[in-house]
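*Asks:* File structure.txt follows (compact mmCIF, C-alpha atoms):
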```txt
# COMPACT_ATOMS: atom_id res chain seq x y z
CA MET A 157 -0.37 -40.54 -26.79
CA SER A 158 -1.58 -41.77 -30.16
CA ILE A 159 -0.73 -39.98 -33.41
CA CYS A 160 -2.48 -41.15 -36.61
CA GLY A 161 -2.93 -44.62 -35.13
CA PHE A 162 0.64 -44.79 -33.87
CA GLU A 163 1.02 -45.52 -30.17
CA PRO A 164 4.39 -46.53 -28.74
CA ARG A 165 4.73 -49.45 -26.38
CA PHE A 166 3.81 -48.62 -22.78
CA ILE A 167 7.13 -48.16 -21.01
CA ASP A 168 8.12 -48.10 -17.35
CA ARG A 169 5.57 -46.70 -14.81
CA VAL A 170 5.76 -49.88 -12.70
CA GLU A 171 5.76 -47.88 -9.47
CA GLU A 172 2.80 -45.76 -10.58
CA ILE A 173 0.74 -48.79 -11.66
CA ASN A 174 1.42 -50.49 -8.32
CA ALA A 175 0.51 -47.32 -6.44
CA LEU A 176 -2.77 -46.97 -8.35
CA LYS A 177 -3.52 -50.62 -7.67
CA ASP A 178 -2.96 -50.07 -3.96
CA TRP A 179 -5.12 -46.93 -3.97
CA CYS A 180 -8.03 -48.73 -5.66
CA SER A 181 -7.83 -51.78 -3.39
CA ASP A 182 -9.86 -49.96 -0.74
CA PHE A 183 -12.50 -47.25 -0.48
CA ARG A 184 -10.48 -44.06 0.10
CA GLY A 185 -13.48 -41.82 0.64
CA ILE A 186 -11.98 -38.98 -1.37
CA PRO A 187 -11.34 -38.47 -5.10
CA LEU A 188 -7.73 -38.61 -6.26
CA TYR A 189 -6.51 -35.71 -8.40
CA ILE A 190 -3.44 -36.42 -10.52
CA TYR A 191 -1.44 -33.40 -11.55
CA GLY A 192 1.67 -33.12 -13.70
CA PRO A 193 3.39 -31.56 -16.71
CA GLU A 194 1.67 -31.57 -20.08
CA GLY A 195 2.78 -34.61 -22.04
CA CYS A 196 4.13 -36.51 -19.02
CA GLY A 197 1.91 -39.50 -19.80
CA LYS A 198 -1.00 -39.19 -17.36
CA THR A 199 -3.59 -40.25 -19.93
CA ARG A 200 -1.62 -43.25 -21.19
CA LEU A 201 -0.90 -44.39 -17.62
CA LEU A 202 -4.56 -44.28 -16.62
CA ARG A 203 -5.83 -45.93 -19.80
CA GLU A 204 -3.34 -48.76 -19.25
CA PHE A 205 -4.49 -49.08 -15.64
CA VAL A 206 -8.15 -49.21 -16.69
CA ARG A 207 -7.27 -51.84 -19.31
CA LYS A 208 -5.63 -54.03 -16.64
CA PHE A 209 -8.23 -53.36 -13.94
CA ASN A 210 -9.96 -56.75 -14.25
CA ASP A 211 -6.59 -58.51 -14.09
CA PHE A 212 -5.97 -56.80 -10.76
CA PHE A 213 -9.42 -57.04 -9.18
CA GLY A 214 -11.34 -59.82 -10.92
CA ASP A 215 -13.98 -60.20 -13.62
CA ASN A 216 -16.64 -58.39 -11.61
CA ALA A 217 -14.55 -55.22 -11.27
CA VAL A 218 -15.68 -52.10 -13.13
CA ALA A 219 -13.34 -49.43 -14.50
CA VAL A 220 -14.44 -46.63 -16.81
CA TYR A 221 -12.29 -43.90 -18.37
CA ILE A 222 -13.94 -40.66 -19.55
CA ASP A 223 -12.12 -38.23 -21.83
CA ALA A 224 -13.81 -34.99 -20.80
CA LEU A 225 -12.37 -33.09 -23.79
CA GLU A 226 -13.81 -35.35 -26.50
CA ARG A 227 -16.34 -33.35 -28.53
CA SER A 228 -18.25 -35.82 -30.70
CA SER A 229 -17.28 -39.51 -30.52
CA VAL A 230 -18.79 -41.67 -27.77
CA SER A 231 -16.30 -44.46 -28.47
CA GLU A 232 -13.39 -42.04 -28.06
CA ALA A 233 -14.87 -40.37 -24.97
CA LEU A 234 -15.63 -43.60 -23.10
CA TYR A 235 -13.23 -46.48 -22.51
CA SER A 236 -13.63 -49.36 -20.08
CA SER A 237 -11.91 -52.40 -18.67
CA PRO A 238 -12.31 -55.48 -20.92
CA LYS A 239 -14.95 -57.26 -18.82
CA VAL A 240 -17.25 -54.25 -18.78
CA LYS A 241 -19.99 -54.07 -21.39
CA ILE A 242 -20.72 -50.44 -22.23
CA LEU A 243 -24.13 -49.87 -23.80
CA GLU A 244 -23.25 -47.17 -26.29
CA ASN A 245 -26.85 -46.67 -27.37
CA VAL A 246 -27.83 -45.64 -23.85
CA ILE A 247 -24.88 -43.28 -23.61
CA ARG A 248 -25.61 -41.87 -27.05
CA ILE A 249 -29.18 -41.08 -26.01
CA LEU A 250 -27.84 -39.37 -22.91
CA VAL A 251 -25.36 -37.33 -24.93
CA GLU A 252 -27.98 -36.31 -27.50
CA ARG A 253 -29.88 -34.49 -24.75
CA PHE A 254 -26.97 -32.08 -24.49
CA ILE A 255 -26.10 -31.40 -28.12
CA GLY A 256 -23.37 -28.78 -28.44
CA GLN A 257 -21.80 -29.31 -25.02
CA GLY A 258 -19.32 -31.99 -26.02
CA VAL A 259 -19.61 -35.73 -25.42
CA GLY A 260 -16.85 -35.94 -22.83
CA LYS A 261 -18.18 -33.05 -20.75
CA VAL A 262 -21.67 -34.56 -20.67
CA LEU A 263 -20.28 -37.93 -19.56
CA ALA A 264 -18.13 -36.29 -16.89
CA ASP A 265 -21.27 -34.63 -15.50
CA ASN A 266 -23.35 -37.84 -15.57
CA ILE A 267 -21.19 -40.45 -13.86
CA SER A 268 -24.06 -41.93 -11.85
CA THR A 269 -26.08 -42.45 -15.06
CA ILE A 270 -23.16 -44.30 -16.62
CA LEU A 271 -22.97 -46.68 -13.67
CA GLU A 272 -26.73 -47.18 -13.52
CA LYS A 273 -27.48 -47.48 -17.24
CA ALA A 274 -24.35 -48.26 -19.21
CA ILE A 275 -22.76 -51.23 -17.48
CA ALA A 276 -24.81 -54.36 -18.04
CA ARG A 277 -25.47 -57.23 -15.63
CA LYS A 278 -22.89 -56.24 -13.06
CA LYS A 279 -23.29 -56.94 -9.36
CA TYR A 280 -21.68 -54.03 -7.60
CA GLU A 281 -21.75 -55.42 -4.08
CA ASN A 282 -18.26 -56.47 -2.96
CA SER A 283 -16.78 -55.41 -6.30
CA TYR A 284 -14.17 -52.80 -7.17
CA ILE A 285 -15.28 -49.70 -9.08
CA LEU A 286 -13.10 -47.02 -10.65
CA ILE A 287 -14.14 -43.93 -12.61
CA VAL A 288 -11.40 -41.88 -14.31
CA VAL A 289 -12.18 -38.40 -15.62
CA ASP A 290 -9.37 -37.03 -17.78
CA ASP A 291 -8.74 -33.29 -18.35
CA VAL A 292 -11.88 -32.18 -16.58
CA VAL A 293 -10.69 -28.60 -15.91
CA LYS A 294 -10.29 -27.78 -19.59
CA ALA A 295 -13.71 -29.28 -20.27
CA ILE A 296 -15.79 -27.56 -17.59
CA GLY A 297 -13.75 -24.40 -17.04
CA LEU A 298 -12.05 -22.93 -13.99
CA ASN A 299 -15.24 -21.24 -12.82
CA ARG A 300 -16.85 -24.66 -12.18
CA ILE A 301 -13.93 -26.62 -10.81
CA GLU A 302 -14.64 -25.96 -7.12
CA TRP A 303 -18.23 -27.04 -7.62
CA TYR A 304 -17.10 -30.16 -9.47
CA VAL A 305 -14.62 -31.13 -6.72
CA LYS A 306 -17.35 -30.99 -4.07
CA TRP A 307 -19.94 -32.65 -6.31
CA LEU A 308 -17.62 -35.55 -7.13
CA TYR A 309 -16.82 -36.08 -3.45
CA GLU A 310 -20.51 -36.20 -2.50
CA LEU A 311 -21.34 -38.45 -5.47
CA MET A 312 -18.69 -40.95 -4.42
CA TRP A 313 -20.28 -41.33 -1.00
CA LYS A 314 -23.80 -41.58 -2.43
CA LEU A 315 -22.75 -44.32 -4.85
CA ALA A 316 -20.84 -46.15 -2.11
CA GLU A 317 -23.97 -46.20 0.05
CA LYS A 318 -26.25 -47.19 -2.84
CA TYR A 319 -24.18 -50.01 -4.37
CA ARG A 320 -22.06 -51.04 -1.37
CA PRO A 321 -19.01 -52.11 -3.40
CA LYS A 322 -15.84 -53.22 -1.73
CA SER A 323 -14.26 -50.06 -3.07
CA ILE A 324 -15.30 -47.18 -5.29
CA ASN A 325 -12.78 -44.55 -6.31
CA PHE A 326 -12.61 -41.58 -8.64
CA ILE A 327 -9.44 -40.35 -10.31
CA VAL A 328 -9.36 -36.95 -12.01
CA THR A 329 -6.47 -35.53 -14.03
CA THR A 330 -5.41 -32.04 -14.94
CA SER A 331 -2.33 -30.41 -16.47
CA GLU A 332 -3.71 -26.99 -15.65
CA GLY A 333 -1.45 -25.73 -12.87
CA ILE A 334 -3.67 -22.72 -12.29
CA SER A 335 -6.49 -25.00 -11.17
CA LEU A 336 -4.44 -26.60 -8.40
CA ASP A 337 -5.19 -23.90 -5.83
CA LEU A 338 -8.90 -24.28 -6.52
CA VAL A 339 -8.75 -28.06 -6.13
CA THR A 340 -6.80 -27.94 -2.87
CA ARG A 341 -8.84 -25.24 -1.13
CA HIS A 342 -11.24 -27.82 0.23
CA ARG A 343 -11.05 -31.15 2.02
CA HIS A 344 -12.74 -32.95 -0.87
CA SER A 345 -9.62 -33.94 -2.81
CA ALA A 346 -6.29 -35.74 -2.54
CA VAL A 347 -3.61 -34.41 -4.90
CA TYR A 348 -0.61 -36.40 -6.12
CA LEU A 349 2.01 -35.72 -8.75
CA ILE A 350 2.81 -37.72 -11.89
CA TRP A 351 6.17 -36.74 -13.36
CA ASN A 352 8.01 -37.21 -16.62
CA LEU A 353 9.81 -40.49 -17.26
CA ASP A 354 13.06 -41.06 -15.43
CA ARG A 355 16.26 -41.22 -17.44
CA GLU A 356 16.17 -45.01 -17.89
CA GLY A 357 12.53 -45.11 -19.02
CA PHE A 358 13.02 -42.11 -21.30
CA GLU A 359 16.03 -43.74 -22.94
CA GLU A 360 13.99 -46.90 -23.56
CA LEU A 361 11.25 -44.85 -25.24
CA PHE A 362 13.88 -42.90 -27.21
CA TYR A 363 15.21 -46.05 -28.86
CA GLU A 364 11.71 -47.45 -29.28
CA LEU A 365 11.05 -44.51 -31.62
CA ASN A 366 14.03 -45.41 -33.87
CA PRO A 367 16.01 -42.15 -33.84
CA PRO A 368 18.61 -41.54 -36.55
CA SER A 369 22.17 -42.38 -35.53
CA SER A 370 23.08 -38.68 -35.69
CA ILE A 371 20.77 -37.89 -32.76
CA SER A 372 22.37 -38.17 -29.32
CA PHE A 373 20.21 -39.42 -26.45
CA GLU A 374 22.14 -37.17 -24.06
CA ASP A 375 21.20 -34.10 -26.09
CA ILE A 376 17.53 -35.10 -26.17
CA TRP A 377 17.49 -35.78 -22.43
CA LYS A 378 18.87 -32.31 -21.75
CA LEU A 379 16.36 -30.77 -24.15
CA LEU A 380 13.18 -32.64 -23.15
CA GLY A 381 13.92 -33.86 -19.63
CA GLY A 382 12.01 -37.13 -19.83
CA ASN A 383 8.74 -35.76 -21.26
CA PRO A 384 7.32 -38.56 -23.46
CA GLY A 385 4.81 -36.30 -25.21
CA LYS A 386 7.51 -33.93 -26.44
CA LEU A 387 9.72 -36.86 -27.50
CA ILE A 388 6.91 -38.30 -29.62
CA GLU A 389 6.32 -34.81 -31.04
CA LEU A 390 9.98 -34.55 -32.00
CA ALA A 391 9.93 -37.99 -33.65
CA LYS A 392 6.59 -37.76 -35.46
CA ARG A 393 5.79 -34.10 -36.05
CA PHE A 394 9.32 -32.79 -36.57
CA LYS A 395 10.84 -36.03 -37.93
CA TRP A 396 13.77 -35.73 -35.53
CA ASN A 397 14.61 -32.23 -36.80
CA ILE A 398 15.71 -30.60 -33.54
CA GLU A 399 16.40 -27.21 -35.15
CA MET A 400 12.88 -27.08 -36.57
CA MET A 401 11.39 -27.93 -33.19
CA ILE A 402 13.43 -25.25 -31.42
CA ARG A 403 12.51 -22.70 -34.08
CA GLU A 404 8.81 -23.51 -33.69
CA TYR A 405 8.93 -23.05 -29.91
CA THR A 406 11.03 -19.91 -30.28
CA ASN A 407 8.33 -18.35 -32.45
CA SER A 408 5.71 -19.31 -29.88
CA LEU A 409 7.62 -18.16 -26.78
CA GLU A 410 8.64 -14.81 -28.24
CA ARG A 411 5.11 -13.58 -27.64
CA THR A 412 5.40 -14.54 -23.98
CA ILE A 413 8.69 -12.65 -23.64
CA VAL A 414 7.12 -9.54 -25.20
CA GLU A 415 4.33 -9.67 -22.62
CA VAL A 416 6.85 -10.20 -19.83
CA MET A 417 8.74 -7.10 -20.96
CA ARG A 418 5.56 -5.02 -21.21
CA MET A 419 4.71 -5.95 -17.63
CA GLY A 420 8.19 -5.03 -16.39
CA LEU A 421 9.04 -8.58 -15.34
CA LEU A 422 12.14 -9.23 -17.43
CA GLU A 423 14.60 -9.15 -14.51
CA GLU A 424 12.45 -11.66 -12.62
CA LEU A 425 12.38 -13.90 -15.69
CA LYS A 426 16.18 -13.76 -15.92
CA MET A 427 16.34 -14.85 -12.28
CA ILE A 428 14.23 -17.95 -12.78
CA VAL A 429 16.05 -18.89 -15.98
CA GLU A 430 19.16 -18.94 -13.79
CA ASP A 431 17.44 -20.69 -10.87
CA ILE A 432 13.81 -21.84 -11.08
CA ASP A 433 13.50 -21.84 -7.29
CA ALA A 434 13.84 -18.05 -7.29
CA LEU A 435 10.05 -18.29 -7.56
CA TYR A 436 10.15 -19.61 -4.00
CA SER A 437 13.04 -17.65 -2.52
CA VAL A 438 12.18 -14.21 -3.93
CA SER A 439 8.99 -12.94 -2.40
CA SER A 440 7.63 -9.99 -4.36
CA PRO A 441 4.44 -8.99 -6.20
CA LYS A 442 6.36 -9.01 -9.48
CA MET A 443 7.62 -12.57 -8.97
CA SER A 444 4.10 -13.70 -8.04
CA LYS A 445 2.75 -12.13 -11.21
CA LEU A 446 5.41 -13.85 -13.31
CA GLU A 447 4.67 -17.21 -11.68
CA GLU A 448 0.96 -16.82 -12.43
CA MET A 449 1.70 -16.03 -16.08
CA LEU A 450 4.10 -18.92 -16.64
CA VAL A 451 1.91 -21.44 -14.81
CA GLU A 452 -1.09 -20.36 -16.87
CA ARG A 453 0.91 -21.04 -20.05
CA ASN A 454 2.04 -24.46 -18.76
CA LEU A 455 5.71 -23.48 -18.93
CA ILE A 456 6.53 -24.09 -15.27
CA ILE A 457 5.01 -26.20 -12.52
CA TYR A 458 5.03 -26.30 -8.72
CA LYS A 459 6.43 -29.75 -7.91
CA LYS A 460 6.68 -30.01 -4.11
CA TRP A 461 3.92 -32.61 -4.02
CA SER A 462 4.27 -36.28 -3.21
CA THR A 463 4.05 -38.55 -6.22
CA ILE A 464 1.37 -41.23 -6.33
CA SER A 465 4.06 -43.74 -5.30
CA GLY A 466 4.93 -41.70 -2.21
CA ASP A 467 8.20 -40.14 -3.35
CA TYR A 468 9.30 -36.60 -4.25
CA VAL A 469 10.80 -35.65 -7.59
CA PRO A 470 14.48 -34.90 -6.84
CA PRO A 471 16.05 -31.65 -8.02
CA ASN A 472 18.03 -31.81 -11.25
CA ARG A 473 19.37 -28.39 -12.18
CA GLU A 474 20.70 -29.66 -15.50
CA ILE A 475 17.15 -30.11 -16.79
CA GLY A 476 15.59 -27.21 -14.89
CA VAL A 477 14.08 -29.12 -11.96
CA GLY A 478 14.40 -27.33 -8.65
CA LEU A 479 13.32 -28.27 -5.14
CA TYR A 480 9.98 -26.45 -5.35
CA TYR A 481 9.49 -25.55 -9.01
CA ALA A 482 10.47 -26.95 -12.40
CA TRP A 483 10.33 -26.04 -16.05
CA GLN A 484 7.82 -28.47 -17.52
CA VAL A 485 10.35 -29.15 -20.28
CA PRO A 486 14.01 -27.92 -20.31
CA LEU A 487 13.41 -26.79 -23.90
CA TYR A 488 11.32 -23.87 -22.60
CA ARG A 489 14.14 -22.60 -20.39
CA GLU A 490 16.73 -22.94 -23.15
CA VAL A 491 14.59 -21.13 -25.71
CA ILE A 492 13.68 -18.33 -23.31
CA ALA A 493 17.33 -17.88 -22.32
CA GLU A 494 18.30 -17.63 -25.99
CA ILE A 495 15.57 -15.05 -26.70
CA ILE A 496 16.62 -12.94 -23.71
CA GLU A 497 20.26 -13.05 -24.79
CA LYS A 498 19.32 -11.81 -28.26
```
Give the structure from this file in structure tokens form.

*Replies:*
Amino acid sequence: MSICGFEPRFIDRVEEINALKDWCSDFRGIPLYIYGPEGCGKTRLLREFVRKFNDFFGDNAVAVYIDALERSSVSEALYSSPKVKILENVIRILVERFIGQGVGKVLADNISTILEKAIARKKYENSYILIVVDDVVKAIGLNRIEWYVKWLYELMWKLAEKYRPKSINFIVTTSEGISLDLVTRHRHSAVYLIWNLDREGFEELFYELNPPSSISFEDIWKLLGGNPGKLIELAKRFKWNIEMMIREYTNSLERTIVEVMRMGLLEELKMIVEDIDALYSVSSPKMSKLEEMLVERNLIIYKKWSTISGDYVPPNREIGVGLYYAWQVPLYREVIAEIIEK
């Protein structure tokens, strides 16, 4: 995450980088979908991996990152590994054909053109190719995601046959929990979880951001649960003013509580504030409706997926992480509990 040119040092994620390296070392035959809490660092992880791609797989390797949400800037929408020469003029001409749709969305829909036109003097045979499409669901909309999943799968096989690289892989990210069911309905995707930083990595980032001595790491861990995006927000937007941050989220979440009450779901909400896995253990139409609402607002997440490194995120009740579900950030649970009590 970069704010006004500020980007903290890339911290931890050794296991994830190694797992991505292993995934891209062979042709997997299926796009990889990375799913996780908002602000957990998916974008930064993948940009770092793209940046190091030639170090891992040689000068002839090709890695391209596409920000599907970028509206106007080609240079912001398209990022590549250092040895790749991107012909921005060609891409700009392509984008100009679709004025008004957004640069990132156009690029996400024209991956084959990028490979054919925008990467100069590359011999694809026996090379390693990676295309990353970030935040595609928000860019194309839920109504097109099933089509995109199938299209991407078929495109991968067509490009593999045409260029005959040693490996070609696609990685797609989303923080939209509601899209997960649509992605996993078909055999055209592999889904893995990226989680917030562990305690050690989060503490390293905490001190990297130079907190005032009055701020306790333990308090921030309990409030933000390892989410690097929220930690940077606290440091840069709120200038380490925890009360201001809580007040801002209280104002925002009050509207959600009002809607919960109007729908008669307050008792169910109290249950999951007490135990997030009540979403799994209590089977009722009301609980299903509450889950749908909170997932749509990116407040909770279903977490019983294997991580990219092959592990499962362990439960940690202190920060609202259950066996099956978790609050994306403990802050949400604490604020909601406080609003309910009032």

*Asks:* Give me, please, the distance in Å between atom CA of Leu353 of chain A and atom CA of Lys208 of chain A, quoted to one decimal.

*Replies:*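 Separating atom CA of Leu353 of chain A from atom CA of Lys208 of chain A is a distance of 20.5 Å.
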
*Asks:* So which one's closest to Ile167 of chain A, A:Val240, A:Leu361, A:Ala264, A:Leu336? Using all atoms listed in the file, please.

*Replies:*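 Of A:Val240, A:Leu361, A:Ala264, A:Leu336, the one nearest Ile167 of chain A is A:Leu361, counting all atoms listed in the file.
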
*Asks:* May I have the residues within 10 Å of segment 372-389 of chain A as a PDB file with C-alpha atoms, keeping the file's coordinate frame, using all atoms listed in the file and disregarding those fewer than 4 positions away in the same chain?

*Replies:*
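What landed in result.pdb:
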```
ATOM      1  CA  MET A 157      -0.370 -40.540 -26.790  1.00  0.00           C
ATOM      2  CA  SER A 158      -1.580 -41.770 -30.160  1.00  0.00           C
ATOM      3  CA  ILE A 159      -0.730 -39.980 -33.410  1.00  0.00           C
ATOM      4  CA  PHE A 162       0.640 -44.790 -33.870  1.00  0.00           C
ATOM      5  CA  GLU A 163       1.020 -45.520 -30.170  1.00  0.00           C
ATOM      6  CA  PRO A 164       4.390 -46.530 -28.740  1.00  0.00           C
ATOM      7  CA  ILE A 167       7.130 -48.160 -21.010  1.00  0.00           C
ATOM      8  CA  PRO A 193       3.390 -31.560 -16.710  1.00  0.00           C
ATOM      9  CA  GLU A 194       1.670 -31.570 -20.080  1.00  0.00           C
ATOM     10  CA  GLY A 195       2.780 -34.610 -22.040  1.00  0.00           C
ATOM     11  CA  CYS A 196       4.130 -36.510 -19.020  1.00  0.00           C
ATOM     12  CA  GLY A 197       1.910 -39.500 -19.800  1.00  0.00           C
ATOM     13  CA  TRP A 351       6.170 -36.740 -13.360  1.00  0.00           C
ATOM     14  CA  ASN A 352       8.010 -37.210 -16.620  1.00  0.00           C
ATOM     15  CA  LEU A 353       9.810 -40.490 -17.260  1.00  0.00           C
ATOM     16  CA  ASP A 354      13.060 -41.060 -15.430  1.00  0.00           C
ATOM     17  CA  ARG A 355      16.260 -41.220 -17.440  1.00  0.00           C
ATOM     18  CA  GLU A 356      16.170 -45.010 -17.890  1.00  0.00           C
ATOM     19  CA  GLY A 357      12.530 -45.110 -19.020  1.00  0.00           C
ATOM     20  CA  PHE A 358      13.020 -42.110 -21.300  1.00  0.00           C
ATOM     21  CA  GLU A 359      16.030 -43.740 -22.940  1.00  0.00           C
ATOM     22  CA  LEU A 361      11.250 -44.850 -25.240  1.00  0.00           C
ATOM     23  CA  PHE A 362      13.880 -42.900 -27.210  1.00  0.00           C
ATOM     24  CA  TYR A 363      15.210 -46.050 -28.860  1.00  0.00           C
ATOM     25  CA  LEU A 365      11.050 -44.510 -31.620  1.00  0.00           C
ATOM     26  CA  PRO A 367      16.010 -42.150 -33.840  1.00  0.00           C
ATOM     27  CA  PRO A 368      18.610 -41.540 -36.550  1.00  0.00           C
ATOM     28  CA  ARG A 393       5.790 -34.100 -36.050  1.00  0.00           C
ATOM     29  CA  PHE A 394       9.320 -32.790 -36.570  1.00  0.00           C
ATOM     30  CA  LYS A 395      10.840 -36.030 -37.930  1.00  0.00           C
ATOM     31  CA  TRP A 396      13.770 -35.730 -35.530  1.00  0.00           C
ATOM     32  CA  ILE A 398      15.710 -30.600 -33.540  1.00  0.00           C
ATOM     33  CA  MET A 401      11.390 -27.930 -33.190  1.00  0.00           C
ATOM     34  CA  ILE A 402      13.430 -25.250 -31.420  1.00  0.00           C
ATOM     35  CA  ASN A 472      18.030 -31.810 -11.250  1.00  0.00           C
ATOM     36  CA  GLU A 474      20.700 -29.660 -15.500  1.00  0.00           C
ATOM     37  CA  ILE A 475      17.150 -30.110 -16.790  1.00  0.00           C
ATOM     38  CA  GLY A 476      15.590 -27.210 -14.890  1.00  0.00           C
ATOM     39  CA  VAL A 477      14.080 -29.120 -11.960  1.00  0.00           C
ATOM     40  CA  TRP A 483      10.330 -26.040 -16.050  1.00  0.00           C
ATOM     41  CA  GLN A 484       7.820 -28.470 -17.520  1.00  0.00           C
ATOM     42  CA  VAL A 485      10.350 -29.150 -20.280  1.00  0.00           C
ATOM     43  CA  PRO A 486      14.010 -27.920 -20.310  1.00  0.00           C
ATOM     44  CA  LEU A 487      13.410 -26.790 -23.900  1.00  0.00           C
ATOM     45  CA  TYR A 488      11.320 -23.870 -22.600  1.00  0.00           C
ATOM     46  CA  ARG A 489      14.140 -22.600 -20.390  1.00  0.00           C
ATOM     47  CA  GLU A 490      16.730 -22.940 -23.150  1.00  0.00           C
ATOM     48  CA  VAL A 491      14.590 -21.130 -25.710  1.00  0.00           C
TER      49      VAL A 491
END
```

*Asks:* For Leu308 of chain A, which residue out of A:Leu421, A:Leu188, A:Met427, A:Val451 is the nearest one, using only C-alpha atoms?

*Replies:* A:Leu188

*Asks:* From the set A:Tyr221, A:Leu349, A:Leu390, A:Asn366, which residue has the shortest atom-to-atom contact distance to Gly466 of chain A, counting only C-alpha atoms?

*Replies:*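 Closest to Gly466 of chain A of all the choices is A:Leu349.
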
*Asks:* Between atom CA of Glu448 of chain A and atom CA of Val416 of chain A, what is the distance, to one decimal in Å?

*Replies:*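 A separation of 11.5 Å between them.
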
*Asks:* Enter the distance from atom CA of Glu310 of chain A to atom CA of Pro187 of chain A, in Å, rounded to one decimal.

*Replies:*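 According to the coordinates, atom CA of Glu310 of chain A and atom CA of Pro187 of chain A are separated by 9.8 Å.
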